Structures are given as C-alpha cells and as structure tokens.
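**Q** Take a look at the following structure, please.
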Amino acid sequence: MKNKTIYLQLLLVLCSLNFFAQKLERPFILVKNAERSEILKKIDSKPWSKQIYSDLKKSTDKQVRKFYQNPKSYIKNLPFNWSKAEANQFPPFLKTDHIENGKHRNLDNATEKEWKPAALLIEYLQIALDCSQLYYLTQDKKYAYVASSILYSFTKSVQKSKISTWKGRGGLLFPYDGFREVRVIGYRLPLIYDFIASYLKNEGKAFDIIKNQKVNFPINEVQKVFKTYANITVNYGQTGSNHSVLEAPSLVYNALALDDKKEREKWLSYFLSESTRNQDALPKMANNYKKQGDIWPETSQYLNHSTEILTKLLLVINKYNPSLKLGAKYPNILFALPRLDDLVYPNNEIIRWGDGHRRQHGSYEAYENAYVLAKMDSLKYLQDKFAPLLKNALDKGKYSRKNIEALFWYDDAIYGNSKKVTLPRTDRVYHAGIVLQRNLSTTNNPKDGLMGFVGGAHMVHGHAEGMNMELYGEGQVLGADHGRKKYGKDLHENYSRLFAAHNTVIVNGSSQGKGGWVNLGINTVQLVAMEPKVGENGVSPYHSFSLTSFKDDKGAKAEATQERTLALIRTSPTTGYYVDVFRSKSKLPNEYHDYLYHNVGDNLVFENKDMFFKKTPNRYMANANGVWKHNRTYRNPGWHFFKNVKTSENYVNDVKATFQLKKIEPEPIFMQLHIPKFKNRSYSKVKAPITFEAPEPYHKKLTPTLVIRNNGEAWKNPFVVVYEPFSKSENPTIQSVTKLEKNGIYKGLKIVSVTPKEKLTQYVITQSRNKTFKDKSLNIYFKGAFAVITFNNKEELKSIYIGEGEKVVYKNYEVSTGKANTIFKEYNP
C-alpha cells in the first residue's frame with residue numbers, strides 16, 4: 001500500500017510537470033488568458049476595478065483616435081534620426097546622451113533637451129503597452145493594431161543600433177547608460193508582445209511607415225530584440241549593488257517573452273539561479289535577507305525599492321510556474337517590505353542615512369503583491385502580517401488601487417483584522433550601524449515625542465559620515481542629516497557625502513572615507529550597550545540610552561578611537577531632553593577634534609554675555625581647492641562649504657545657546673543647548689548648506705550649525721551637550737546643567753529642570769563600560785556605563801535607573817542589576 005501511494009504521488013508530480021512543459025498560450029507574463037473572464041466580472045462588480053479600467057480606456061482611446069486619423073504621421077513622431085536613414089529603410093533612433101565638462105556621463109543629470117528623445121520613446125512604448133492591455137481585456141483589434149505598429153517600428157529601428165561598450169555599462173539607445181535603458185525601455189517591450197501575441201500570430205499586421213501600408217509582423221526579429229535586452233543585463237550590468245535588482249525586470253520579462261521554451265528557461269535561469277560577472281541571480285540577492293527582518297543593505301529609497309521589485313518578480317514567476325513556490329523559498333524578502341516604516345519619527349518622516357530620503361515609505365502595492373504571493377504558497381504567517389497593514393491603509397484612505405496589475409492580481413478577499421501598529425522603543429539598522437531610540441508621549445501628539453539615533457557605516461550610496469546623529473523635537477527632525485540632491489555635483493561629492501554634512505566629530509581636520517564604494521569607505525558604528533534592547537520592553541518609561549563606538553582610521557591623519565552615548569530622558573508627557581556625550585582621541589600628536597551639530601532654523605544664538613565671536617572666513621578652507629575626481633577623490637572633510645564663519649576665543653565657562661525656528665507653523669520652536677565648561681575649547685557658529693527635505697520654509701535656507709573645537713584629546717573630557725526642544729507656547733524646563741567630575745575627569749551631569757508638574761534634579765552618569773563613579777559629598781556610588789538618579793523638589797529620592805551597569809548606592813539605598821545589567825526602581829518618599 002505504501003509503495004502504491006508513493007507511485008501515485010510520483011505520477012501526479014510527473015503529470016504536473018508534463019502539463020507545465022506544454023506550450024503556454026500567451027499572455028502569461030502578468031496574467032493568463034484563462035483569467036480574463038474573472039477580471040471582466042471584477043470590472044463589472046467592483047468600483048475600484050471599474051475605475052482602473054475606465055481611466056485606462058479613456059486616456060488610451062485618445063491616442064487610438066489620433067493614430068487612426070493618420071497612422072504614418074503618428075508613427076513618424078517617434079524620435080527617428082532621419083539624417084542617417086538609408087533608402088527604403090527604417091532610420092535608427094536618436095541617441096540619448098549627457099555630456100558634462102566635455103565627458104560622457106550617465107543620465108542622472110541629463111537636461112530636458114538631452115532627455116527629450118528618450119521621453120518621447122518611453123511615451124510611445126507606454127501607449128503601446130496600454131493598447132496591448134486593452135486588447136487583452138476587450139479583444140478589440142483596433143488596440144492590437146496600434147500596439148503592433150509601435151512595436152514594429154521600434155523593432156525595425158532599434159536593430160540599427162549596436163550595444164555600446166562604454167565602461168561595460170552601455171546600451172543600444174542610451175550608449176552611456178545601458179543601466180537606465182533597460183529600466184525605462186527594456187521591460188516594456190516584452191509585455192507589449194505578450195498581450196498581443198495571439199493577434200500577431202493570427203494576423204500579424206502592423207503599419208509600416210516606409211512602405212506606407214500594413215505588413216506582417218516579423219516575430220523572429222522582435223525575439224532577437226528580447227534576447228538583446230536580456231543580454232544587456234546579463235553581460236553588461238553591475239553586481240554587488242541594487243543595480244542587479246533594478247535591471248532584473250527587463251531580464252525576467254524579456255526572458256518570458258521568448259517563444260522557444262529552452263531559450264526562455266536559459267535566460268530566466270540568470271535570474272533564478274545562475275549569477276554572472278555582470279548580474280547577481282536571485283539566490284545571491286536573497287543572501288541580503290538571511291534573517292527575518294533583514295533589509296536590502298543600502299539607503300532608504302534603494303532598500304525599499306529593491307525589495308518591492310524582487311517581490312513583484314517573485315509573484316510574476318510564481319504565477320508563470322507555481323511549482324517553484326518562490327514565496328515559500330524566499331519569505332524573508334517579503335518580510336522585509338514594511339521594515340522601513342518601523343524607522344520613522346513621530347511625524348512619520350524616515351530616519352536618514354547616506355543618500356536616503358525622508359519620505360520614501362513602503363509601497364502598499366508591494367504589500368498586496370506579497371499578500372497574493374503568500375496566499376499562493378499558503379504562508380499564513382505572512383498573510384497575517386500584511387492583511388492588517390492593507391486593511392488599515394484601505395480603511396483610512398491611505399491606499400487605493402490604481403495600477404493595471406491590481407485588475408489582474410487583487411481581489412477584496414484580504415482575510416484578517418486591522419490592528420494598530422505599535423513601534424518598538426528601540427531599533428537597529430545593522431548594515432548602517434544605526435541604533436535608534438524613541439519615546440512616544442502618552443498625549444499621542446507627535447510634537448511631544450522624543451526620538452534620535454546614532455549610526456554610520458559603509459555601503460553603496462552610503463556617506464563618509466563618521467558616527468552620525470539625528471534628533472527630533474516639537475514635531476520636526478531638528479538635528480538633521482544634510483541629505484542629498486543631484487548626484488555628481490560639487491555639493492554632493494564634496495559636502496553631502498562627507499563628514500562635514502553630518503552631526504559627527506572630525507579629527508585633526510582630516511576625517512574621511514577611503515576604499516570601498518566610490519572611495520567612501522568607513523568603518524561601521526559598533527553597539528557597546530543599549531537599553532532597552534531591540535524587541536524588549538524598556539525597564540523605565542522615562543529613560544533609554546545607547547553607547548556606541550567607532551574607529552576613524554581612514555586616510556592617514558585621523559587615527560582616532562571614538563565612543564558616543566546618546567540618552568533620551570523624559571521628564572513629563574510633554575517635556576524631555578537628550579544627553580549626547582562624544583569621546584574622541586587620536587594616536588597622532590598635536591591632535592584636535594571638532595564636534596559638529598546642524599539644526600534647521602533661522603539662526604544660532606549664544607546667551608553668554610562674555611562670549612565674543614569674530615569673523616574667521618579661512619578657518620575651514622584648507623582643502624577648498626584640493627583635488628576632486630568624480631567618484632574617486634574628494635575635498636575632505638567638506639567643511640569649506642561653511643559660510644559666515646564666526647569663532648570665539650578659547651572659552652572655559654558653561655555655554656547656553658539656542659537654535660531658533662521662528663517661521664515654522666503653527667508656532668515657533670526652539671532647540672536649546674547646554675554645554676558644561678571644559679578647557680581648551682573654542683566655539684564656531686556657521687551657515688552650512690541647506691538641509692534637503694527640511695520643513696518649510698527651511699528647505700530653502702542655509703542651516704545654522706555649531707562647531708566645537710577641542711585642542712588635545714576629547715576622551716577624558718569629552719564633548720557633552722544637553723539638547724532640549726520646546727515651542728513658543730512652552731518654557732524650556734532645564735534650569736541648569738553642571739558637570740560632574742573626579743580628579744579632573746568628566747563623569748556625568750547634574751541637571752535641574754522644572755516641568756509643568758514638578759521640579760526635578762537628575763544626576764546623569766555617563767562613563768565607558770565598567771568604570772566607577774564615587775562622590776562622597778553627593779553620597780553616590782555607581783559602577784557601569786549609564787545611570788540616572790532622580791530627586792523631587794524636596795531633594796527626596798524619586799527613582800534610580802541603570803541603563804547598563806552593576807549597582808547604584810545612594811546613602812542607605814542600594815540597587816543592583818544582577819545578570820540583567822539594567823534596572824529601574826521608583827520610590828515614594
């Protein structure tokens with residue numbers, strides 16, 4: 001009986017494989033012919049489906065009418081290069097090229113005039129694709145004839161071009177940017193063919209503008225074009241970055257457009273299994289998602305886009321061959337999709353690192369693609385993950401289905417319940433070295449939330465940023481990373497990417513990246529300690545901290561070891577502050593260290609009456625005219641972009657200063673800084689370049705920036721700044737900040753604040769690990785990295801928090817952490 005069962009199972013598998021091996025009827029890339037009747041029912045019964053269909057038909061019918069009025073005139077508007085036309089032959093297309101400083105560049109910064117031929121070609125191909133999809137839905141041959149005529153003309157003309165070998169990245173029509181060509185042109189062609197293939201094989205008519213008549217469609221020629229575009233990806237691409245992902249749709253769709261099954265499977269294998277020197281295959285790309293929650297190791301706009309593309313391709317190929325079960329094979333790719341939305345500030349803007357953007361959120365279409373794929377492969381835990389995200393978005397109007405794939409793939413059967421998404425107190429982006437902390441308010445008002453992160457690492461599209469920091473307050477990202485605008489420009493290469501554009505420390509004026517991607521390599525920020533740990537509840541609702549380390553040793557003049565403690569301390573539902581302690585020391589003699597902090601706003605005002613500033617225009621100009629070679633050599637550390645530089649003499653007293661944002665709506669807000677006194681310090685206030693994606697009107701204003709210079713090491717006596725955000729309708733709560741030290745070595749701070757409800761005195765002890773603080777006059781003993789001891793207005797003990805350490809002793813009170821190394825205890829005096 002057992003052998004009979006095994007035989008039957010084997011027979012079923014063989015039958016299934018034999019069925020799949022049979023010649024598939026087109027279309028089958030995005031949707032199959034057998035699915036058409038259900039889609040038409042959906043259009044009749046579902047308002048969202050009807051809207052997608054009617055919008056597509058309305059816009060497409062305008063183009064169809066134009067075509068039928070004069071087919072020759074319509075097709076001749078394609079960007080043909082008539083000056084190179086041979087007698088009775090289709091001319092080649094105009095090339096799309098960008099020249100900068102006499103050199104051919106990729107098309108990142110192409111002008112409107114340079115881009116015009118490509119834009120026109122893309123427009124026509126999209127019209128053909130829209131027509132081909134309407135032919136599938138309506139079976140009206142007028143749509144197929146328009147699509148066929150455009151595809152025919154493209155096929156004839158594109159064959160007049162040869163692939164450029166420029167830096168191994170050339171194309172047919174974009175000779176100096178084949179990478180872009182396959183992304184905007186290459187993937188459309190096979191889809192057009194797939195939808196109208198039955199028409200072409202039954203009638204094969206297209207309009208030929210040279211013969212001025214209808215002709216049979218040369219299927220063998222378009223098949224060669226598909227192979228050519230697949231070949232551009234396989235043999236002219238780039239590995240080890242998101243480029244392989246971005247080129248993959250063209251590879252997959254062109255492979256699937258091949259009618260010969262052996263050829264189809266051969267080219268498809270370059271995506272499914274076989275990496276080449278110029279293209280990473282799926283298994284290699286999937287290695288970036290080894291653990292559940294891993295994300296594509298680049299910056300925000302690239303990591304999500306990459307995962308969205310892979311998810312869509314998994315679904316497309318799974319529909320083509322369901323036996324592959326790609327969702328079940330690569331579930332971590334799907335799991336990564338919502339990850340970026342875990343990394344948001346209370347105002348819903350994304351933390352920024354490298355070339356990342358503030359507002360590049362996850363795609364609900366990608367979530368629904370993942371849901372459909374999970375359903376295909378019976379992955380209930382993934383269905384349960386995406387169902388509430390989709391339901392919440394649909395119910396709240398954040399998501400409406402608009403793309404044609406929604407007609408083909410989606411229905412209203414999303415099973416599960418909507419639920420509130422709760423973000424964790426702490427999080428990490430491992431490949432970016434980021435350690436994130438948040439403390440949302442019980443008021444549920446985004447302006448009352450606290451959040452910040454420390455991070456830095458090398459990656460594709462990463463910056464040489466050192467151990468960087470961002471801070472949030474009063475509903476805005478105030479202590480902001482500069483961001484980026486256009487690639488390849490002086491600002492981007494010699495500032496945006498370099499240390500000076502970040503809230504970090506520059507050592508000996510020489511901190512820089514070296515090696516790796518475009519010579520911007522830096523070490524990764526390492527986590528030393530944090531509380532709460534990722535995925536765990538905090539021991540205290542009021543406190544959290546991180547201790548990180550970094551090696552600034554690229555180039556030859558920094559050679560520094562660094563540590564950074566960032567703490568979030570909430571003092572009431574509407575108030576709180578940050579403590580930033582940055583230690584830095586170099587192996588080199590005559591060392592000096594510069595602490596940089598950029599805060600969007602109008603200006604930076606110092607409140608010390610005995611502090612005098614003078615203009616120092618040459619202070620940061622040493623490398624202003626240094627060698628700059630595109631994507632290779634830079635004018636490090638980038639601070640020659642600072643303007644209106646004013647510097648104090650050495651100043652040894654406590655410092656109080658405020659960044660003002662007087663023009664922000666609905667009311668002015670401020671970030672106040674308290675800096676305890678240290679020797680060998682001078683202070684500069686400068687205007688840094690604008691902060692991209694800053695709140696209006698500050699997205700167009702230079703960024704007020706503080707630079708603190710410490711002559712000598714900054715380890716025993718580190719940079720220490722307390723930051724408190726507040727609004728015009730509030731008062732700053734911090735009354736005083738006093739340094740705690742032992743034998744001339746910094747140990748922590750005494751911070752006195754008056755909140756809306758009470759007066760607090762807090763001793764914030766910030767040391768390296770396993771260090772000891774003992775002060776007999778305060779009756780305090782602490783061994784560990786971070787602790788906060790809080791007293792009420794009667795100077796009675798209110799609470800003890802140990803973020804990382806062994807124990808705190810205060811008078812007769814003793815608190816030990818045991819194996820946990822962290823504890824929070826409140827007292828009721």
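In the structure tokens, chains take letters A, B, ... by order of appearance, with residues numbered from 1 within each chain and ligands from 1 in the order shown.
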Per DSSP on the backbone, filter stretch 403-434 of chain A down to the residues in strand (DSSP E) and report them as a PyMOL selection string.
**A** chain A and resi 426-429+434
**Q** If we count only C-alpha atoms, what is near A:Arg180 at a cut-off of 10 Å, once residues fewer than 3 positions away on the same chain are taken out, given as a PyMOL selection string?
**A** chain A and resi 106-108+169-171+174+176-177+183-186+243+246-247
**Q** Between A:Thr96, A:Asn444, A:Asn287, A:Asn710, single out the one closest to A:Glu649, counting only C-alpha atoms.
**A** A:Asn710
**Q** Skip stretch 293-302 of chain A itself and residues of its chain fewer than 6 positions away, then list as a list in words all residues within 7 Å of it, counting only C-alpha atoms.
**A**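 Selected residues are Asn332, Phe335, Ala336, Arg339, Trp353, Gly354, Asp355, Gly356, His357, Gln360, His431, Met459, Val460, His461 and Gly462 of chain A.
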**Q** List as a list of chain:residue names the protein and nucleic acid residues near stretch 591-599 of chain A, meaning an atom at most 6 Å away when only C-alpha atoms are counted, but skip any in the same chain fewer than 4 places from it.
**A**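 Answer for this query is A:Leu478, A:Gly479, A:Asn503, A:Thr504, A:Val505, A:Ile506, A:Val507, A:Asn508, A:Pro704, A:Thr705, A:Leu706, A:Val707, A:Ile708, A:Arg709, A:Asn710, A:Asn711, A:Gly712.
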**Q** How many Å lie between atom CA of A:Lys396 and atom CA of A:Gln51, rounded to one decimal?
**A**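 Going from atom CA of A:Lys396 over to atom CA of A:Gln51 covers 19.0 Å.
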